[in-house]
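Chemist: My structure is stored as model-v6.cif, with mmCIF, C-alpha atoms.
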data_coords
#
loop_
_atom_site.label_atom_id
_atom_site.label_comp_id
_atom_site.auth_asym_id
_atom_site.auth_seq_id
_atom_site.Cartn_x
_atom_site.Cartn_y
_atom_site.Cartn_z
CA MET A 2 137.25 158.43 185.47
CA PRO A 3 138.05 155.47 187.79
CA ILE A 4 139.68 152.49 186.06
CA LYS A 5 136.87 150.05 187.06
CA LEU A 6 134.20 152.25 185.56
CA LYS A 7 136.30 152.59 182.40
CA SER A 8 136.60 148.78 182.18
CA ILE A 9 132.84 148.34 182.57
CA LEU A 10 132.20 150.99 179.93
CA GLY A 11 134.72 149.36 177.59
CA LEU A 12 133.16 145.92 178.06
CA SER A 13 129.62 147.26 177.53
CA PHE A 14 130.82 148.98 174.39
CA LEU A 15 132.19 145.67 173.09
CA LEU A 16 128.96 143.79 173.88
CA VAL A 17 126.62 146.45 172.52
CA GLY A 18 128.80 146.73 169.42
CA GLY A 19 128.06 143.12 168.39
CA CYS A 20 125.59 144.13 165.79
CA SER A 21 125.05 144.27 162.10
CA GLN A 22 125.73 147.41 160.13
CA LEU A 23 124.49 148.23 156.66
CA HIS A 24 126.72 150.44 154.52
CA HIS A 25 125.40 150.28 150.97
CA VAL A 26 122.61 148.61 148.99
CA HIS A 27 122.00 148.48 145.25
CA ILE A 28 118.88 146.78 143.87
CA GLY A 29 118.71 145.85 140.19
CA ASP A 30 115.80 145.07 137.85
CA ILE A 31 113.67 142.02 138.70
CA ASP A 32 112.11 140.16 135.79
CA GLN A 33 109.41 137.70 136.82
CA SER A 34 107.92 137.35 133.35
CA GLN A 35 110.20 134.67 131.94
CA GLY A 36 109.76 131.78 134.39
CA THR A 37 110.07 130.79 138.01
CA LEU A 38 112.94 132.22 140.03
CA THR A 39 115.45 130.33 142.15
CA PRO A 40 117.29 132.51 144.68
CA PHE A 41 121.03 132.37 145.24
CA THR A 42 123.46 134.21 147.51
CA ILE A 43 127.14 134.95 147.04
CA LYS A 44 128.87 136.15 150.17
CA VAL A 45 132.50 137.08 150.68
CA ASN A 46 133.87 138.39 153.93
CA GLU A 47 137.11 139.54 155.44
CA PHE A 48 138.36 140.05 158.98
CA GLY A 49 138.13 143.73 159.83
CA PHE A 50 140.25 145.17 162.63
CA ASP A 51 140.59 148.74 163.80
CA ALA A 52 143.99 148.55 165.48
CA ALA A 53 143.94 152.22 166.51
CA GLN A 54 140.56 151.79 168.23
CA ALA A 55 141.79 148.61 169.95
CA ALA A 56 144.87 150.45 171.25
CA GLN A 57 142.67 153.32 172.40
CA ILE A 58 140.39 150.92 174.32
CA GLY A 59 143.53 149.29 175.76
CA SER A 60 144.79 152.65 176.96
CA GLU A 61 141.43 153.38 178.60
CA VAL A 62 141.40 150.14 180.58
CA ALA A 63 145.15 149.88 181.30
CA LYS A 64 146.02 149.66 184.99
CA SER A 65 149.27 151.58 184.99
CA SER A 66 149.49 155.10 183.68
CA SER A 67 152.72 154.39 181.75
CA THR A 68 151.06 151.52 179.83
CA SER A 69 148.07 153.73 179.19
CA GLU A 70 150.33 156.47 177.79
CA ASP A 71 152.23 153.96 175.63
CA LEU A 72 149.00 152.59 174.19
CA GLU A 73 147.70 156.08 173.52
CA LEU A 74 150.87 156.76 171.55
CA VAL A 75 150.44 153.48 169.67
CA ALA A 76 146.80 154.44 168.87
CA PHE A 77 147.98 157.81 167.55
CA ILE A 78 150.73 156.25 165.39
CA LEU A 79 148.29 153.69 164.00
CA ALA A 80 145.66 156.35 163.29
CA ILE A 81 148.05 158.53 161.27
CA SER A 82 149.62 155.54 159.52
CA ASN A 83 146.26 154.22 158.32
CA PHE A 84 144.75 157.49 157.19
CA GLY A 85 141.79 157.78 154.84
CA PRO A 86 138.06 157.23 154.51
CA LYS A 87 136.77 154.03 156.08
CA THR A 88 133.61 152.02 155.56
CA GLY A 89 133.41 149.67 158.52
CA ASN A 90 136.68 148.47 160.05
CA PRO A 91 139.83 148.40 157.90
CA VAL A 92 140.87 145.06 156.39
CA TYR A 93 144.33 143.74 155.52
CA ASN A 94 143.34 142.41 152.09
CA ASP A 95 141.79 144.72 149.52
CA ALA A 96 141.07 141.91 147.05
CA TYR A 97 138.59 139.91 149.11
CA ALA A 98 135.64 140.96 146.94
CA ASP A 99 137.45 140.42 143.63
CA GLU A 100 135.75 137.15 142.80
CA VAL A 101 132.11 138.18 143.24
CA LEU A 102 131.45 138.65 139.52
CA SER A 103 132.83 135.26 138.53
CA GLU A 104 130.94 133.64 141.44
CA VAL A 105 127.68 135.23 140.28
CA ILE A 106 128.30 133.94 136.75
CA LYS A 107 128.86 130.43 138.12
CA ALA A 108 125.72 130.58 140.28
CA CYS A 109 123.33 130.12 137.36
CA PRO A 110 124.14 127.37 134.86
CA SER A 111 121.36 128.72 132.59
CA LYS A 112 123.16 132.11 132.55
CA LYS A 113 119.79 133.78 133.03
CA LEU A 114 119.95 136.10 136.00
CA THR A 115 117.69 138.74 137.41
CA GLY A 116 117.08 140.80 140.56
CA LEU A 117 120.67 141.24 141.67
CA THR A 118 120.96 143.02 145.01
CA SER A 119 124.43 144.12 146.10
CA VAL A 120 124.89 144.68 149.82
CA ARG A 121 127.94 146.00 151.66
CA GLU A 122 127.50 145.20 155.34
CA ALA A 123 129.44 144.31 158.49
CA THR A 124 129.04 142.53 161.79
CA ASN A 125 130.87 144.46 164.49
CA VAL A 126 132.19 143.54 167.89
CA GLY A 127 134.01 146.71 168.93
CA PRO A 128 137.23 147.05 166.95
CA VAL A 129 136.80 143.61 165.35
CA SER A 130 134.34 142.88 162.57
CA GLY A 131 133.39 140.73 159.64
CA GLU A 132 133.36 142.99 156.59
CA VAL A 133 130.94 141.52 154.07
CA VAL A 134 130.04 141.92 150.41
CA ARG A 135 126.85 139.99 149.66
CA ILE A 136 125.15 139.53 146.29
CA ASN A 137 121.64 138.10 146.26
CA GLY A 138 119.94 137.23 143.01
CA TYR A 139 117.67 134.87 141.14
CA CYS A 140 118.26 132.35 138.40
CA ILE A 141 115.41 132.26 135.89
CA ASN A 142 114.12 128.73 135.30
CA THR A 143 112.77 128.95 131.79
CA THR A 144 110.18 126.38 130.77
CA GLN A 145 111.36 124.37 127.76
CA THR A 146 108.89 124.32 124.87
CA HIS A 147 109.14 121.73 122.11
CA MET B 30 144.02 182.89 170.51
CA LEU B 31 144.31 185.15 167.46
CA LYS B 32 147.15 182.96 166.15
CA ASN B 33 144.96 179.85 166.46
CA THR B 34 142.05 181.54 164.71
CA ILE B 35 144.30 182.60 161.83
CA LEU B 36 145.80 179.09 161.57
CA PHE B 37 142.34 177.49 161.59
CA SER B 38 141.09 179.92 158.93
CA ILE B 39 144.09 179.20 156.68
CA LEU B 40 143.57 175.45 157.07
CA ALA B 41 139.83 175.76 156.36
CA LEU B 42 140.45 177.94 153.30
CA SER B 43 143.14 175.62 151.95
CA LEU B 44 140.70 172.71 152.03
CA THR B 45 138.14 174.68 150.02
CA GLY B 46 137.01 172.84 146.94
CA CYS B 47 138.36 169.43 147.96
CA VAL B 48 136.23 166.59 146.66
CA GLY B 49 135.36 163.29 148.30
CA LEU B 50 133.80 160.49 146.30
CA ASN B 51 130.87 158.78 148.03
CA THR B 52 129.71 156.15 145.56
CA VAL B 53 129.88 155.14 141.92
CA SER B 54 127.39 152.96 140.13
CA MET B 55 126.76 151.86 136.58
CA THR B 56 124.29 149.77 134.66
CA GLN B 57 124.90 147.77 131.48
CA VAL B 58 126.62 149.61 128.65
CA PRO B 59 124.63 149.48 125.39
CA ALA B 60 126.18 148.96 121.96
CA GLN B 61 124.40 152.02 120.56
CA ARG B 62 126.07 155.12 122.04
CA ASN B 63 125.24 158.00 119.75
CA ASN B 64 123.00 160.04 121.98
CA VAL B 65 124.75 160.86 125.27
CA ILE B 66 122.70 162.60 127.92
CA THR B 67 124.20 164.09 131.07
CA THR B 68 122.85 165.83 134.10
CA THR B 69 124.02 167.05 137.48
CA SER B 70 122.05 167.91 140.53
CA SER B 71 123.36 169.27 143.80
CA SER B 72 122.42 170.33 147.29
CA TRP B 73 124.27 172.70 149.61
CA ASN B 74 124.35 172.30 153.36
CA PHE B 75 125.87 173.92 156.42
CA ILE B 76 128.37 171.73 158.36
CA GLY B 77 126.84 168.59 156.88
CA ILE B 78 123.32 169.02 158.21
CA ASN B 79 120.76 167.93 155.63
CA PHE B 80 117.00 167.83 155.79
CA SER B 81 116.24 166.36 152.37
CA ASN B 82 117.77 164.20 149.65
CA ALA B 83 115.36 165.44 146.99
CA PHE B 84 118.25 166.55 144.75
CA VAL B 85 118.68 162.90 143.72
CA ASP B 86 115.09 162.77 142.41
CA GLU B 87 115.75 166.03 140.59
CA ALA B 88 118.62 164.35 138.70
CA ILE B 89 116.33 161.49 137.66
CA ASP B 90 113.65 163.91 136.45
CA LYS B 91 116.23 165.91 134.45
CA LEU B 92 117.52 162.71 132.86
CA LYS B 93 114.02 161.54 131.96
CA GLY B 94 113.29 164.97 130.49
CA GLN B 95 116.20 164.58 128.06
CA CYS B 96 114.91 161.24 126.78
CA SER B 97 111.14 161.47 126.94
CA THR B 98 110.36 158.83 124.30
CA GLY B 99 113.46 156.63 124.37
CA LYS B 100 115.13 154.09 126.58
CA ILE B 101 117.76 155.35 129.04
CA GLU B 102 120.66 152.87 129.13
CA GLY B 103 124.23 152.71 130.41
CA VAL B 104 123.54 154.92 133.40
CA PHE B 105 126.81 155.98 135.05
CA THR B 106 126.34 157.78 138.38
CA LYS B 107 128.83 159.51 140.66
CA HIS B 108 127.84 160.79 144.07
CA GLN B 109 130.43 163.19 145.44
CA THR B 110 130.77 165.83 148.14
CA THR B 111 132.80 169.03 147.81
CA GLY B 112 133.89 170.80 150.99
CA TYR B 113 134.02 174.57 151.44
CA VAL B 114 134.43 176.65 154.58
CA LEU B 115 131.68 175.27 156.88
CA MET B 116 129.62 174.44 153.79
CA TYR B 117 129.32 171.23 151.77
CA LYS B 118 127.99 170.62 148.30
CA ARG B 119 126.53 167.18 147.67
CA GLU B 120 126.35 166.35 144.01
CA VAL B 121 125.02 163.61 141.78
CA ILE B 122 126.58 163.49 138.31
CA VAL B 123 124.85 161.22 135.83
CA SER B 124 125.65 160.30 132.25
CA ALA B 125 123.64 157.87 130.13
CA TYR B 126 122.57 157.02 126.58
CA CYS B 127 119.14 157.77 125.17
CA ASN B 128 118.20 155.14 122.59
CA GLU B 129 114.97 155.03 120.63
CA VAL B 130 113.22 151.64 120.91
CA MET C 17 162.43 144.18 174.63
CA LYS C 18 158.75 144.93 175.36
CA LYS C 19 159.02 148.30 173.61
CA LEU C 20 160.73 146.67 170.63
CA PHE C 21 157.92 144.14 170.35
CA LEU C 22 155.39 146.97 170.56
CA LEU C 23 157.20 148.93 167.86
CA PHE C 24 157.34 145.85 165.64
CA THR C 25 153.60 145.22 166.11
CA VAL C 26 152.77 148.85 165.30
CA ALA C 27 154.96 148.70 162.20
CA MET C 28 153.23 145.50 161.10
CA LEU C 29 149.77 147.02 161.51
CA SER C 30 150.67 150.31 159.83
CA ALA C 31 150.00 151.57 156.35
CA CYS C 32 148.61 148.41 154.85
CA THR C 33 144.94 148.53 155.64
CA SER C 34 142.14 148.99 153.16
CA SER C 35 138.46 149.66 153.14
CA VAL C 36 136.03 148.41 150.51
CA HIS C 37 133.24 151.02 150.40
CA MET C 38 130.99 149.31 147.91
CA SER C 39 130.90 146.47 145.41
CA GLN C 40 127.96 146.44 143.03
CA VAL C 41 127.05 143.78 140.47
CA ASP C 42 124.55 144.58 137.74
CA VAL C 43 123.14 142.34 135.05
CA GLY C 44 121.60 143.39 131.74
CA SER C 45 118.58 142.19 129.87
CA ASN C 46 118.10 138.43 129.86
CA SER C 47 118.30 138.16 126.11
CA ALA C 48 121.87 139.44 126.39
CA ASN C 49 122.71 136.95 129.12
CA GLU C 50 121.58 134.02 127.02
CA LEU C 51 124.72 134.57 125.00
CA GLU C 52 127.81 132.68 125.96
CA ILE C 53 129.60 134.47 128.78
CA GLY C 54 133.08 135.27 127.57
CA LYS C 55 136.16 136.75 129.14
CA ILE C 56 135.92 139.08 132.10
CA ILE C 57 137.74 142.34 131.46
CA GLU C 58 139.27 144.26 134.36
CA ILE C 59 139.94 147.98 134.67
CA GLU C 60 141.51 149.69 137.66
CA LYS C 61 142.08 153.42 138.11
CA SER C 62 143.30 155.17 141.23
CA GLN C 63 143.95 158.59 142.69
CA LYS C 64 146.50 159.46 145.37
CA ASN C 65 145.06 161.69 148.05
CA ILE C 66 147.22 163.60 150.55
CA LEU C 67 145.21 164.86 153.52
CA GLY C 68 142.11 165.25 151.36
CA PHE C 69 143.62 167.71 148.88
CA VAL C 70 142.04 166.53 145.63
CA TYR C 71 139.82 168.66 143.46
CA ASP C 72 138.23 166.22 141.02
CA THR C 73 137.09 162.62 140.61
CA ASN C 74 138.20 162.29 136.98
CA TYR C 75 139.86 158.91 137.58
CA VAL C 76 136.36 157.40 137.82
CA ASP C 77 135.38 158.89 134.44
CA GLN C 78 138.65 157.58 133.00
CA ALA C 79 137.80 154.06 134.21
CA TYR C 80 134.35 154.34 132.57
CA LYS C 81 135.90 155.58 129.30
CA ASN C 82 138.24 152.59 129.31
CA LEU C 83 135.25 150.30 129.79
CA LEU C 84 133.55 151.86 126.75
CA LEU C 85 136.71 151.34 124.70
CA GLU C 86 137.18 147.73 125.78
CA CYS C 87 133.53 146.79 125.19
CA PRO C 88 132.53 148.42 121.86
CA ASN C 89 129.40 146.24 121.67
CA GLY C 90 128.33 146.91 125.24
CA THR C 91 128.33 144.76 128.37
CA SER C 92 126.13 142.03 129.75
CA MET C 93 127.39 142.08 133.34
CA VAL C 94 129.33 144.66 135.28
CA ASN C 95 130.90 144.80 138.75
CA VAL C 96 132.06 148.11 140.22
CA GLU C 97 134.17 148.17 143.34
CA TYR C 98 135.20 151.37 145.14
CA LEU C 99 137.90 151.02 147.78
CA THR C 100 140.59 152.94 149.64
CA ASN C 101 144.14 151.85 150.51
CA HIS C 102 145.20 153.69 153.65
CA GLY C 103 148.64 155.19 154.15
CA PHE C 104 150.69 157.60 156.26
CA LEU C 105 148.66 160.85 156.31
CA SER C 106 147.52 159.96 152.80
CA TRP C 107 145.49 157.37 150.98
CA THR C 108 144.72 156.00 147.52
CA ASP C 109 141.17 155.76 146.22
CA LYS C 110 140.59 153.03 143.66
CA ILE C 111 137.86 152.07 141.23
CA ARG C 112 137.88 148.51 139.93
CA ILE C 113 135.53 147.61 137.12
CA LYS C 114 135.02 144.05 135.97
CA ALA C 115 132.72 143.41 133.07
CA VAL C 116 131.62 140.80 130.58
CA CYS C 117 131.61 142.32 127.09
CA LEU C 118 128.97 141.42 124.51
#
What is this file in structure tokens?
Modeler:
Amino acid sequence: MPIKLKSILGLSFLLVGGCSQLHHVHIGDIDQSQGTLTPFTIKVNEFGFDAAQAAQIGSEVAKSSSTSEDLELVAFILAISNFGPKTGNPVYNDAYADEVLSEVIKACPSKKLTGLTSVREATNVGPVSGEVVRINGYCINTTQTH
Amino acid sequence: MLKNTILFSILALSLTGCVGLNTVSMTQVPAQRNNVITTTSSSWNFIGINFSNAFVDEAIDKLKGQCSTGKIEGVFTKHQTTGYVLMYKREVIVSAYCNEV
Amino acid sequence: MKKLFLLFTVAMLSACTSSVHMSQVDVGSNSANELEIGKIIEIEKSQKNILGFVYDTNYVDQAYKNLLLECPNGTSMVNVEYLTNHGFLSWTDKIRIKAVCL
């Protein structure tokens, strides 16, 4: 394939790839019987980067064949060094979603929660992405009776 | 050619029975845990091509059948896939507690 | 020099990536949540996987058993996270459970 065509294809891939991706959803019980509901959202995200894919794209658009070969080798090394199942792009911090539970607890001062929806999603631009864990829920506003 | 076929067959056979975990989920654990109920439901497919996910509903029905008058609590669910030669087994393994209200 | 830089970059980007597959938070009945929210307990279990050669997912059951032991009166909130740490031709699957015991 000519290099120009490869570059155009690579660029289109990057532009088209700028979209949202849903990986997993979990919807919990929703109790509307105890009072009005106030929604809240907890969102944590981390920079996702597929280095092997980036090197592969680099090798496709590289002008000289030696650079292209080098980058292909780099892509191969990265792929075998970061082996395993992937959901979205890999991240360099596996603890970015560690605080979601404590954040959810803090979200409702009344400690009355319902309708928790857990979403694992991502926004991708080619090999770069924002890997997101989002928790939506409702605080129950109970009416005080005297 | 024959060598490659033999090598591929050995590799495929050696991976037989390997399990991959898809998801895990759990609901609140109750204090009363005397009556444990468990169920599994699975679906086989050829090279990963599926036409239905009805095996999941089957697991729910089996679970409900084991606790027809009680409350099902502490539901722990594993969704896993086991690979065989060109065939895959998708499986939902559920354990829960059946408590009378 | 260029090759050395390349090698250094590759080494830096190798074998330290992770992937969070899911993180689920679940809350119990509201009567339970009216209680004071106490300490969050944390359980982590993992399984080393070389080229996919594993034949069970018992580490997940072990994590759940630990949760039952640590919360004899049940839980009011639970967070389950399933993630993978990538490595050289191998990886480690992990289950992290955080819960608020009753």
Chemist: How far is it from CA of Thr67 in chain B to CA of Asn89 in chain C, in Å with one decimal?
Modeler: 20.8 Å
Chemist: Measuring between only C-alpha atoms, which one of A:Ile43, A:Ile78, A:Ala55, A:Leu38 shows the shortest distance to chain C?
Modeler: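 Comparing A:Ile43, A:Ile78, A:Ala55, A:Leu38 against chain C, the winner is A:Ile78.
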Chemist: Identify every residue of chain A that has at least one atom within 10 Å of any atom of chain B, counting all atoms listed in the file, and report the result as a PDB file with C-alpha atoms, keeping the file's coordinate frame.
Modeler:
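Writing done, so here's out_28.pdb:
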ATOM      1  CA  HIS A  25     125.400 150.280 150.970  1.00  0.00           C
ATOM      2  CA  HIS A  27     122.000 148.480 145.250  1.00  0.00           C
ATOM      3  CA  GLY A  29     118.710 145.850 140.190  1.00  0.00           C
ATOM      4  CA  PRO A  86     138.060 157.230 154.510  1.00  0.00           C
TER       5      PRO A  86
END
Chemist: Return as a compact mmCIF listing (two decimals) with C-alpha atoms, in the frame of the given file the residues belonging to chain B that are within 10 Å of chain C, counting all atoms listed in the file.
Modeler:
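So iface_28.txt came out as:
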# COMPACT_ATOMS: atom_id res chain seq x y z
CA SER B 43 143.14 175.62 151.95
CA LEU B 44 140.70 172.71 152.03
CA THR B 45 138.14 174.68 150.02
CA GLY B 46 137.01 172.84 146.94
CA CYS B 47 138.36 169.43 147.96
CA VAL B 48 136.23 166.59 146.66
CA GLY B 49 135.36 163.29 148.30
CA LEU B 50 133.80 160.49 146.30
CA ASN B 51 130.87 158.78 148.03
CA THR B 52 129.71 156.15 145.56
CA VAL B 53 129.88 155.14 141.92
CA SER B 54 127.39 152.96 140.13
CA MET B 55 126.76 151.86 136.58
CA THR B 56 124.29 149.77 134.66
CA GLN B 57 124.90 147.77 131.48
CA VAL B 58 126.62 149.61 128.65
CA PRO B 59 124.63 149.48 125.39
CA ALA B 60 126.18 148.96 121.96
CA GLN B 61 124.40 152.02 120.56
CA ARG B 62 126.07 155.12 122.04
CA GLU B 102 120.66 152.87 129.13
CA GLY B 103 124.23 152.71 130.41
CA PHE B 105 126.81 155.98 135.05
CA THR B 106 126.34 157.78 138.38
CA LYS B 107 128.83 159.51 140.66
CA GLN B 109 130.43 163.19 145.44
CA THR B 111 132.80 169.03 147.81
CA GLY B 112 133.89 170.80 150.99
Chemist: Quick one: residues within 12 Å of Gly103 in chain C, all atoms listed in the file, excluding same-chain residues fewer than 3 positions away - as an NGL selection string?
Modeler: (:A and (78-86 or 91)) or (:C and (29-35 or 64-67 or 100 or 106-109))
Chemist: Give as a VMD selection string the residues that the PyMOL selection byres ((chain B and resi 119) around 8) matches when applied to the coordinates above.
Modeler: chain B and resid 71 to 74 108 to 111 117 to 118 120 to 121
Chemist: Using Å and a single decimal, report how far CA of Glu104 in chain A sits from CA of Ile57 in chain C.
Modeler: 14.9 Å
Chemist: One number please: CA of Arg135 in chain A to CA of Lys55 in chain C, in Å, one decimal.
Modeler: 22.8 Å
Chemist: Measuring between all atoms listed in the file, which one of B:Phe75, B:Ile39, B:Lys32, B:Ile89 shows the shortest distance to Leu115 in chain B?
Modeler: B:Phe75
Chemist: Measuring atom to atom with all atoms listed in the file, identify which of A:Ser21, A:Thr39, A:Thr88, A:Thr68 is nearest to chain C.
Modeler: A:Thr88
Chemist: I'd like the contact shell of Tyr75 in chain C - 7 Å cut-off, all atoms listed in the file, skipping same-chain residues fewer than 5 positions apart - returned as a list in words.
Modeler: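 Everything that qualifies: Lys61, Ser62 and Gln63 of chain C.
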Chemist: At a cut-off of 8 Å, using only C-alpha atoms, what residues contact Thr42 in chain A? Leave out same-chain residues fewer than 5 positions from it and give the result as a list in words.
Modeler: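 Counting only the stated atoms, we get Arg135, Ile136, Asn137 and Gly138 of chain A.
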Chemist: Find the residues with any atom within 8 Å of (142.6, 158.1, 167.4); use all atoms listed in the file and the coordinates as given in the file, and write the answer as a PyMOL selection string.
Modeler: chain A and resi 53-54+57+76-77+79-80
Chemist: Given the selection you just returned, output its residues as a file containing C-alpha atoms, formatted as a PDB file, in the coordinates of the input.
Modeler:
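Result saved to part36.pdb:
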ATOM      1  CA  ALA A  53     143.940 152.220 166.510  1.00  0.00           C
ATOM      2  CA  GLN A  54     140.560 151.790 168.230  1.00  0.00           C
ATOM      3  CA  GLN A  57     142.670 153.320 172.400  1.00  0.00           C
ATOM      4  CA  ALA A  76     146.800 154.440 168.870  1.00  0.00           C
ATOM      5  CA  PHE A  77     147.980 157.810 167.550  1.00  0.00           C
ATOM      6  CA  LEU A  79     148.290 153.690 164.000  1.00  0.00           C
ATOM      7  CA  ALA A  80     145.660 156.350 163.290  1.00  0.00           C
TER       8      ALA A  80
END
Chemist: Taking all atoms of range 70-88 of chain C that the file lists and extending 4 Å past them on each side, where is the centre of the axis-aligned box and how long are its edges? Answer in Å to one decimal, as lines of an AutoDock Vina configuration file.
Modeler:
center_x = 137.3
center_y = 157.7
center_z = 133.7
size_x = 17.5
size_y = 29.9
size_z = 31.8
Chemist: Compare A:Leu102, A:Leu114, A:Val133, A:Val120 by their minimum atom-to-atom distance to Gly36 in chain A, counting all atoms listed in the file, and give me the closest one.
Modeler: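 When distances to Gly36 in chain A are compared using all atoms listed in the file, the smallest one comes from A:Leu114.
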Chemist: Measuring atom to atom with all atoms listed in the file, identify which of C:Leu105, C:Ile59, C:Val36, C:Leu23 is nearest to Asn82 in chain C.
Modeler: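 That would be C:Ile59, the residue with the smallest distance to Asn82 in chain C.
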Chemist: Let me make sure I understand: among C:Leu85, C:Asn74, C:Ile56, C:Ala79, which one has the smallest atom-to-atom distance to chain A if we use all atoms listed in the file?
Modeler: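 Result for the nearest residue to chain A: C:Ile56.
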